[in-house]
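Q: Before we start, here is the structure in question, set down as structure tokens.
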Protein chains: 6
Amino acid sequence: MNVKNVYDLIDTVAPFSIQMESDNSGLLVGSPSQEIHCILFALDVTQPVIDEAVALGAELIVTHHPLMFSAIRSLTDETYEGRLIRRLVRENISLISAHTNLDQAAGGINDTLAALCGLADVTGDAFFRSGILPEPMTARSFAAALEENLKTTVRVMAPEDRLIRRVGLCSGGGSDEWVRAAEAGCDAFVSGEIKHHFALAMADAGIAAFECGHFATEEPGLAAFAEALQNSLDHVECNVRVFVSAVSAYSFIRTP
Amino acid sequence: MNVKNVYDLIDTVAPFSIQMESDNSGLLVGSPSQEIHCILFALDVTQPVIDEAVALGAELIVTHHPLMFSAIRSLTDETYEGRLIRRLVRENISLISAHTNLDQAAGGINDTLAALCGLADVTGDAFFRSGILPEPMTARSFAAALEENLKTTVRVMAPEDRLIRRVGLCSGGGSDEWVRAAEAGCDAFVSGEIKHHFALAMADAGIAAFECGHFATEEPGLAAFAEALQNSLDHVECNVRVFVSAVSAYSFIRTP
Amino acid sequence: MNVKNVYDLIDTVAPFSIQMESDNSGLLVGSPSQEIHCILFALDVTQPVIDEAVALGAELIVTHHPLMFSAIRSLTDETYEGRLIRRLVRENISLISAHTNLDQAAGGINDTLAALCGLADVTGDAFFRSGILPEPMTARSFAAALEENLKTTVRVMAPEDRLIRRVGLCSGGGSDEWVRAAEAGCDAFVSGEIKHHFALAMADAGIAAFECGHFATEEPGLAAFAEALQNSLDHVECNVRVFVSAVSAYSFIRTP
Amino acid sequence: MNVKNVYDLIDTVAPFSIQMESDNSGLLVGSPSQEIHCILFALDVTQPVIDEAVALGAELIVTHHPLMFSAIRSLTDETYEGRLIRRLVRENISLISAHTNLDQAAGGINDTLAALCGLADVTGDAFFRSGILPEPMTARSFAAALEENLKTTVRVMAPEDRLIRRVGLCSGGGSDEWVRAAEAGCDAFVSGEIKHHFALAMADAGIAAFECGHFATEEPGLAAFAEALQNSLDHVECNVRVFVSAVSAYSFIRTP
Amino acid sequence: MNVKNVYDLIDTVAPFSIQMESDNSGLLVGSPSQEIHCILFALDVTQPVIDEAVALGAELIVTHHPLMFSAIRSLTDETYEGRLIRRLVRENISLISAHTNLDQAAGGINDTLAALCGLADVTGDAFFRSGILPEPMTARSFAAALEENLKTTVRVMAPEDRLIRRVGLCSGGGSDEWVRAAEAGCDAFVSGEIKHHFALAMADAGIAAFECGHFATEEPGLAAFAEALQNSLDHVECNVRVFVSAVSAYSFIRTP
Amino acid sequence: MNVKNVYDLIDTVAPFSIQMESDNSGLLVGSPSQEIHCILFALDVTQPVIDEAVALGAELIVTHHPLMFSAIRSLTDETYEGRLIRRLVRENISLISAHTNLDQAAGGINDTLAALCGLADVTGDAFFRSGILPEPMTARSFAAALEENLKTTVRVMAPEDRLIRRVGLCSGGGSDEWVRAAEAGCDAFVSGEIKHHFALAMADAGIAAFECGHFATEEPGLAAFAEALQNSLDHVECNVRVFVSAVSAYSFIRTP
């Protein structure tokens, strides 16, 4: 099992060809032919995540967010990204990012988020999902449920006693997807970051907005994807172990 | 006292000429010669804010965020913005917006935010301010203070026991200003919205990030600006009353 | 019968989807659901035209030339267009413009102009029409006929004794259509405005040019369109009256 | 006296460096070192104008309007412009064009037009001039005077009994200069071509518009410039004769 | 037989429609209806080539490289290209250029170059050809063969004892085609100009590079094309003679 | 002595701030704080050059041509450039490139080339130099001298018996500088690569062109620069050794 084999496995579930035009998903650092025995999944590459990979003996890191989103013309210790890439090279760790392809994939970031929102009858495609709550809830109660399920702080942009039954969502920073929530007749919209002018428009349209943080809406989906990959690898009986990073993107130890 | 006179007063404190190139601050709806007896300040124009203005008999609304940020080619009831502008015209209410000029102004949005963060020795210009806390605080304590002072939910992107003494800030959505916080040797950065990749960079640089919401970081500054304007008007003994909107941008009654 | 119904009727005859990319035809001001009992047609919205609409009790003005051809970022009494739009809103009058879609439509602006030029066997599409005069005429005689039929002053760019039999035309400002006249073997080309360098090229190609003014080449087509709409409305036995403006675009009473 | 010497003389009066950026004034065809004994002035190069030059033995044509306004990638008999340029080369005739530099020059196109409008106390710069009529006139009378002085047909866009005292003007196709007429407090604006939407704005502003044709507003200025050049040449006692074309731009013999 | 007939004959073999978008192949100077009795082929139009055409009585020059590759806005003796075009017009010589269409054509520039490289089993399309040498040769021997066949100086970018069997090529300045040579498994790549950074990449890929000069890689193909055209003309028994220029592009007599 | 110190020394002689806008000179790979005992100079980074650096124990390579001239979005073994950069990182070798700043510098690439051309009274700036030969030479003799001094093959674009006294030059690929040679009254122009259409223009202007190859016109200047740097370092008595690569850019051992 080498880096190229893992790339191909990911491509089966979340084809890199469906990524957005400006995205940079794919094999970003390393060598396709490198032999792999251990993989570490994380939302982002950070120095603590590389520490983890080194400690685990992982030859490959798989992240949601790419490096070199802006193309680079030098690779030195003078920049944050330069230090990360140079360390990956020196530690001989390859890096694959699955970003907007994984957002959209069946069983991907958004599908996991829909499950954690407690939704049933989930539909949608691309970057949007919607579904219904088994029982209508007030905005206050729904926010409390989100805080518990996503382990995050939720910012509510609606009266707290607003009743909610149909919920639309988009992970991360995609609050422009709220228009699809309006089209789908939703009472509420959940996202990681919600831009102020979209919140105003939602208020006008009678849609309650719940901003849950970029990390909290995406990390669970990446963890679920790691688990699915472990299952695939076990199925072919190769001896590759898959781990999910225990450090927050914001560089401290995550506590459940 | 007419709309043009109020425009000129605002221009004295927060000159419209310093607004960013893409901004749309200025007299957006109405007539310069309209006589004014009552002014309503609000972060945004919404239908509830127009309700308030009508109830108060205000002939002028002053907001932080402009309308027609994207230029328009029709004015109908089919769009959210069209409905707002048409109602302003029919109610004969003028609209002035003071956006990026007020962010930057002395005594403007960012200066008010600095005061609410409890900072001393405040310096900075344009869209950035920094200062020091009288006593060092942990991230947890500083977040609690922000929640109380700004009446908001704070999302902390740092270990909760990180010690903080020097704080940088930028109201609203300007988290790219974090680099100035780094240059100024800050331990923490406060803003309304913090983009995930800036939060990563801050974590790498050892800066704790506090995301307080777009509304909560800007509304107090607008209220302070309204109070200052009332004082100016009283000084010239004209009989104009100034009010601050009591409804949240997200369309429900704000409760202190 | 509401604004949307009238829009749909116009769309049947002159589909808005065929307008040129830079055009701004469509419902520009007002509300689709507004009830309509009286419609006023005019080449342009001007203050005298709005006076007329108010006097007639018209809830809808239909013009050939759009407003907001250049997109706007404010709506105040400081600009000519701002004053027009604000007055339409306050008088609760909707505005639909049918510009380049009506130029092209069967029975539209150009077809009416062809009839007024006295042409037989008219062919053409898009913005060009051509046909033959029943009897050949000199340029001098043809100009006199145009002056009478279009109630205008004609500027002749050709020797006055040039014989004319086949005529091409394009209403308004489309003198670049002269090349289609050349391809069609025309002796003459009629338009509202004729750019000097096109006149030179026509002289070289032996084509006599007749410049009849923007208003005179378009207004008759709009009046004919109003009449056709009245017929359609009578046919469905709704009680809507259609009028054509009696004031010139240049703000004085038109005298036949 | 060679082509370069004539170019330099023109440059003294109407510097080529002040032409508009998109313009193509200058030495367009020929050779700077060609000896000159006879010059023909015309508004445009046309085949009849070249016939005239050949008959007169002119080695140089000076026009107002340039050739190759759009840059070319071939030079064949297949295009109108190609035929003109090829014939100039074969007849060994050089071509200089003085376009937007001559419009602006003191004693240039616009100054001559102001004189023919009967204006006194003429002021202005760049492409605009204004002045007052010795006696106020009705629009009808002023139009009649323009028709006689400019030997053209005038299209009036105003009530015929409107009284006129202060007049602004811009030769050729520059009707956007009407805003300077408004600033200067003019009652009327004269130009060669007047775009419909500018005519509407002038009607709203109470300014009467007089459209006199591109040729008629520019040709007199060129003829005056030719006469001035003849005087300069006589002064230096060189033996160069200067002629003005007797054919209309529209390819027929002009009759005074 | 006129210029248009010759254009059509060339178009049959090397269709002008397949030229690159930025190219300027086609009838560039002259008249389609000009009668032709003698044609001169040359890589470029230069003054010595026009001398040759005049001496031969040629009414048409056919070149590989176009004039007016950059569009022009004047045609005077002040520029190199101006002098060439003006002389062609005065000598009444038409000019056709067949550039990137002839590069690609079957039997065109690249096919002739492949033959002169001694290649068998030639394949390829567009601007690339490859084939094999009957016997493997060292780089030193292959360079010597190229110098003799192409009458040029060859710059070798490889160890001189490198063994070569499969060769890729692109005439003129197209060294970016080396990637197709790599894909085709070539040991060597031949071109007119080889950019330094492509030479580095070829060295890394183990491909020997042979830079033979722009003129030397293209002129033989043009001569072969002239011969083919002569045959076509003879076949239709028209009395048109075809010559190939005997002067180098660099303005001196070529000696075989 | 660390990488930053060497960068500063180079900056003194050939300031990085004067590089062309599209260039990528500077510290491209590595760490400013890395300690340096041995430096290898080469025209380009290639695998054999890195072999050399490793063998010498060099911690820094200084090249003329930059890497990442086109910005990159991944760093893998799949590309030529990716393999080079990854190996530099793993071998812990820093890379500084001095490209268009060194071309222009006093004592830089072009000054060395002028000396090797045997020129006296050298003047010029930016990318151009000119001077005179002590004795006039024929093109043939001058080419022979260049071949010997630059150890290269020279392509002559002129009659071989043309007499040459004043010579202009630009190293590498800057043949557009020939116009400065024309202005300076040169008989000849020397460069690394000479584009065909510039060669035509030079022929027309009577200037003999000598194309000497990219590598041959630049490598001597880099070697001279290395020697100058060694002298500077010896002067400050630091213990840093400087070497010049002994392998050709085209990946084989250079033989003098």
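Labels used: A, B, ... for chains in the order of the structure tokens, numbers from 1 for residues in each chain, and numbers from 1 for ligands as shown.
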Which of segment 58-131 of chain F end up as alpha helix (DSSP H) when DSSP is run on this backbone - answer as a PyMOL selection string?

A: chain F and resi 80-90+100-104+109-116

Q: DSSP on the backbone: which residues in segment 34-230 of chain F end up as strand (DSSP E or B)? Give the answer as number ranges by chain.

A: F: 35, 38-42, 60-63, 72, 75-76, 94-97, 120-123, 129-138, 155-157, 163-170, 188-191, 208-211

Q: May I ask you to extract the residues of chain D within 8 Å of chain E, using only C-alpha atoms, and to give them as an MDAnalysis selection string?

A: chainID D and resid 24 27:32 67:78 86 89:90

Q: Can you spit out the residues from that selection as a PDB file, in the first residue's frame, using C-alpha atoms?

A:
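Output saved as part.pdb:
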```pdb
ATOM      1  CA  ASN D  24      -4.731  58.519 -33.994  1.00  0.00           C
ATOM      2  CA  LEU D  27       1.552  61.511 -39.821  1.00  0.00           C
ATOM      3  CA  LEU D  28      -0.396  58.410 -40.845  1.00  0.00           C
ATOM      4  CA  VAL D  29       0.738  57.675 -44.402  1.00  0.00           C
ATOM      5  CA  GLY D  30       3.820  58.772 -46.304  1.00  0.00           C
ATOM      6  CA  SER D  31       7.307  60.022 -45.712  1.00  0.00           C
ATOM      7  CA  PRO D  32       8.529  62.880 -43.499  1.00  0.00           C
ATOM      8  CA  LEU D  67      -7.513  56.595 -40.896  1.00  0.00           C
ATOM      9  CA  MET D  68      -6.586  53.373 -39.056  1.00  0.00           C
ATOM     10  CA  PHE D  69      -8.567  54.489 -35.997  1.00  0.00           C
ATOM     11  CA  SER D  70      -8.807  50.744 -35.458  1.00  0.00           C
ATOM     12  CA  ALA D  71      -5.376  49.205 -35.992  1.00  0.00           C
ATOM     13  CA  ILE D  72      -5.065  47.000 -39.091  1.00  0.00           C
ATOM     14  CA  ARG D  73      -3.406  43.644 -39.793  1.00  0.00           C
ATOM     15  CA  SER D  74      -3.740  43.646 -43.605  1.00  0.00           C
ATOM     16  CA  LEU D  75      -3.744  46.163 -46.436  1.00  0.00           C
ATOM     17  CA  THR D  76      -5.759  44.935 -49.374  1.00  0.00           C
ATOM     18  CA  ASP D  77      -8.379  46.059 -51.870  1.00  0.00           C
ATOM     19  CA  GLU D  78     -10.964  44.072 -49.915  1.00  0.00           C
ATOM     20  CA  ARG D  86      -3.172  51.766 -51.038  1.00  0.00           C
ATOM     21  CA  VAL D  89       0.764  55.111 -51.386  1.00  0.00           C
ATOM     22  CA  ARG D  90       0.569  54.565 -55.138  1.00  0.00           C
TER      23      ARG D  90
END
```

Q: So which residues touch segment 150-164 of chain F within 7 Å, counting only C-alpha atoms, skipping near sequence neighbours fewer than 5 positions away, as a list in words?

A: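 My reading of the contact set: Thr153, Arg155, Tyr250 and Phe252 of chain E; Pro136, Met137, Thr138, Ala139, Arg140, Ala143, Asp187, Ala188, Ala208, Ala209, Phe210, Glu211, Cys212, Ala216 and Thr217 of chain F.
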
Q: Would you mind exporting the chosen residues as a PDB file, in the first residue's frame, restricted to N, CA and C atoms?

A:
```
ATOM      1  N   THR E 153      24.728  25.881 -38.433  1.00  0.00           N
ATOM      2  CA  THR E 153      25.535  25.583 -37.259  1.00  0.00           C
ATOM      3  C   THR E 153      24.618  24.981 -36.202  1.00  0.00           C
ATOM      4  N   ARG E 155      23.922  23.715 -32.256  1.00  0.00           N
ATOM      5  CA  ARG E 155      24.375  23.796 -30.868  1.00  0.00           C
ATOM      6  C   ARG E 155      23.846  22.556 -30.141  1.00  0.00           C
ATOM      7  N   TYR E 250      18.814  36.923 -43.660  1.00  0.00           N
ATOM      8  CA  TYR E 250      19.676  37.908 -43.017  1.00  0.00           C
ATOM      9  C   TYR E 250      20.411  38.752 -44.046  1.00  0.00           C
ATOM     10  N   PHE E 252      21.863  38.475 -47.142  1.00  0.00           N
ATOM     11  CA  PHE E 252      23.024  38.291 -48.024  1.00  0.00           C
ATOM     12  C   PHE E 252      22.749  37.068 -48.887  1.00  0.00           C
TER      13      PHE E 252
ATOM     14  N   PRO F 136      39.335  46.742 -35.991  1.00  0.00           N
ATOM     15  CA  PRO F 136      38.172  46.201 -36.710  1.00  0.00           C
ATOM     16  C   PRO F 136      38.436  44.763 -37.141  1.00  0.00           C
ATOM     17  N   MET F 137      37.384  43.921 -37.095  1.00  0.00           N
ATOM     18  CA  MET F 137      37.513  42.508 -37.485  1.00  0.00           C
ATOM     19  C   MET F 137      36.384  42.171 -38.454  1.00  0.00           C
ATOM     20  N   THR F 138      36.580  41.146 -39.269  1.00  0.00           N
ATOM     21  CA  THR F 138      35.462  40.636 -40.079  1.00  0.00           C
ATOM     22  C   THR F 138      34.535  39.836 -39.164  1.00  0.00           C
ATOM     23  N   ALA F 139      33.293  39.661 -39.622  1.00  0.00           N
ATOM     24  CA  ALA F 139      32.336  38.864 -38.857  1.00  0.00           C
ATOM     25  C   ALA F 139      32.890  37.466 -38.612  1.00  0.00           C
ATOM     26  N   ARG F 140      33.544  36.923 -39.626  1.00  0.00           N
ATOM     27  CA  ARG F 140      34.112  35.584 -39.491  1.00  0.00           C
ATOM     28  C   ARG F 140      35.141  35.535 -38.351  1.00  0.00           C
ATOM     29  N   ALA F 143      33.504  36.010 -34.885  1.00  0.00           N
ATOM     30  CA  ALA F 143      32.814  34.795 -34.450  1.00  0.00           C
ATOM     31  C   ALA F 143      33.811  33.782 -33.911  1.00  0.00           C
ATOM     32  N   ASP F 187      28.031  48.141 -34.995  1.00  0.00           N
ATOM     33  CA  ASP F 187      28.091  47.334 -36.224  1.00  0.00           C
ATOM     34  C   ASP F 187      27.620  45.915 -35.947  1.00  0.00           C
ATOM     35  N   ALA F 188      27.633  45.524 -34.677  1.00  0.00           N
ATOM     36  CA  ALA F 188      27.321  44.128 -34.339  1.00  0.00           C
ATOM     37  C   ALA F 188      26.587  44.063 -33.010  1.00  0.00           C
ATOM     38  N   ALA F 208      25.348  43.250 -37.728  1.00  0.00           N
ATOM     39  CA  ALA F 208      25.641  41.810 -37.743  1.00  0.00           C
ATOM     40  C   ALA F 208      25.262  41.203 -36.403  1.00  0.00           C
ATOM     41  N   ALA F 209      24.567  40.042 -36.427  1.00  0.00           N
ATOM     42  CA  ALA F 209      24.098  39.423 -35.195  1.00  0.00           C
ATOM     43  C   ALA F 209      24.886  38.145 -34.907  1.00  0.00           C
ATOM     44  N   PHE F 210      25.273  37.972 -33.621  1.00  0.00           N
ATOM     45  CA  PHE F 210      26.039  36.790 -33.202  1.00  0.00           C
ATOM     46  C   PHE F 210      25.308  36.123 -32.047  1.00  0.00           C
ATOM     47  N   GLU F 211      24.760  34.949 -32.314  1.00  0.00           N
ATOM     48  CA  GLU F 211      24.038  34.217 -31.276  1.00  0.00           C
ATOM     49  C   GLU F 211      24.955  33.171 -30.671  1.00  0.00           C
ATOM     50  N   CYS F 212      25.224  33.276 -29.367  1.00  0.00           N
ATOM     51  CA  CYS F 212      26.270  32.474 -28.730  1.00  0.00           C
ATOM     52  C   CYS F 212      25.749  31.438 -27.745  1.00  0.00           C
ATOM     53  N   ALA F 216      26.490  30.022 -22.498  1.00  0.00           N
ATOM     54  CA  ALA F 216      27.841  30.532 -22.734  1.00  0.00           C
ATOM     55  C   ALA F 216      27.959  32.017 -22.447  1.00  0.00           C
ATOM     56  N   THR F 217      26.856  32.762 -22.595  1.00  0.00           N
ATOM     57  CA  THR F 217      26.945  34.207 -22.345  1.00  0.00           C
ATOM     58  C   THR F 217      26.738  34.565 -20.878  1.00  0.00           C
TER      59      THR F 217
END
```

Q: Excluding segment 111-123 of chain E and its own-chain neighbours fewer than 2 positions away, which residues fall within 6 Å of it when counting only C-alpha atoms? Please give them as a tab-separated table (two decimals) with N, CA and C atoms, in the first residue's frame.

A:
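Output (around-v3.tsv):
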```
chain	number	residue	atom	x	y	z
E	107	GLY	N	3.05	17.43	-45.46
E	107	GLY	CA	3.99	17.88	-46.47
E	107	GLY	C	4.48	19.29	-46.22
E	108	GLY	N	4.21	19.83	-45.02
E	108	GLY	CA	4.57	21.20	-44.71
E	108	GLY	C	5.95	21.31	-44.07
E	109	ILE	N	6.13	22.38	-43.30
E	109	ILE	CA	7.45	22.71	-42.76
E	109	ILE	C	8.01	21.57	-41.91
E	129	ARG	N	6.54	16.27	-34.76
E	129	ARG	CA	6.75	15.04	-35.52
E	129	ARG	C	7.81	14.23	-34.79
E	130	SER	N	7.73	12.87	-34.89
E	130	SER	CA	8.84	12.04	-34.41
E	130	SER	C	9.03	10.84	-35.33
E	131	GLY	N	10.24	10.28	-35.28
E	131	GLY	CA	10.55	9.13	-36.12
E	131	GLY	C	11.84	8.50	-35.64
E	132	ILE	N	12.29	7.45	-36.33
E	132	ILE	CA	13.52	6.78	-35.89
E	132	ILE	C	14.59	6.87	-36.96
E	133	LEU	N	15.85	6.88	-36.46
E	133	LEU	CA	17.00	6.86	-37.36
E	133	LEU	C	17.21	5.42	-37.82
E	221	GLY	N	11.44	23.63	-45.76
E	221	GLY	CA	10.01	23.30	-45.89
E	221	GLY	C	9.30	24.27	-46.81
```

Q: Could you give me, as a PyMOL selection string, the residues within 10 Å of segment 43-58 of chain B, counting only C-alpha atoms and dropping anything in the same chain fewer than 2 positions from it?

A: (chain A and resi 197+200-201+203-204) or (chain B and resi 36-41+60-67+80-81+83-85+87-88+91-95+97-99+215+218-223+240-253)

Q: Excluding same-chain residues fewer than 5 positions from Thr12 of chain A, what lies within 12 Å of it counting only C-alpha atoms, as a list in words?

A: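 The filter keeps Asn5, Val6, Tyr7, Ser17, Ile18, Ala98, Asn101, Leu102, Ala105, Ala106, Leu229 and Ser232 of chain A.
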
Q: Write out as a list in words the residues lying within 8 Å of Phe127 of chain A, counting only C-alpha atoms and excluding same-chain residues fewer than 5 positions away.

A: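 In the requested form, the answer reads Asp103, Gln104, Asn110, Cys170, Ser171, Gly174 and Glu177 of chain A.
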
Q: Take the residues from that selection and write them out as a CSV table (one decimal), in the first residue's frame, keeping N, CA, C and O atoms.

A:
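Here's the written file part-v5.csv:
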```csv
chain,number,residue,atom,x,y,z
A,103,ASP,N,-16.4,17.7,1.0
A,103,ASP,CA,-17.6,18.4,1.4
A,103,ASP,C,-18.9,17.8,0.7
A,103,ASP,O,-19.9,17.7,1.3
A,104,GLN,N,-18.7,17.6,-0.5
A,104,GLN,CA,-19.8,17.2,-1.4
A,104,GLN,C,-20.1,15.7,-1.3
A,104,GLN,O,-21.3,15.2,-1.7
A,110,ASN,N,-20.7,17.1,5.0
A,110,ASN,CA,-22.0,17.6,5.2
A,110,ASN,C,-23.0,16.6,5.6
A,110,ASN,O,-23.9,16.8,6.4
A,170,CYS,N,-24.9,23.9,5.8
A,170,CYS,CA,-23.6,23.8,5.0
A,170,CYS,C,-22.5,24.0,5.9
A,170,CYS,O,-22.4,25.0,6.6
A,171,SER,N,-21.5,23.0,5.9
A,171,SER,CA,-20.4,23.1,6.8
A,171,SER,C,-19.5,24.2,6.5
A,171,SER,O,-19.5,24.8,5.4
A,174,GLY,N,-19.7,28.3,4.2
A,174,GLY,CA,-20.6,28.4,3.0
A,174,GLY,C,-21.9,29.0,3.3
A,174,GLY,O,-23.0,28.5,2.9
A,177,GLU,N,-25.1,29.4,1.0
A,177,GLU,CA,-26.0,28.3,0.7
A,177,GLU,C,-27.4,28.5,1.4
A,177,GLU,O,-28.3,27.7,1.2
```
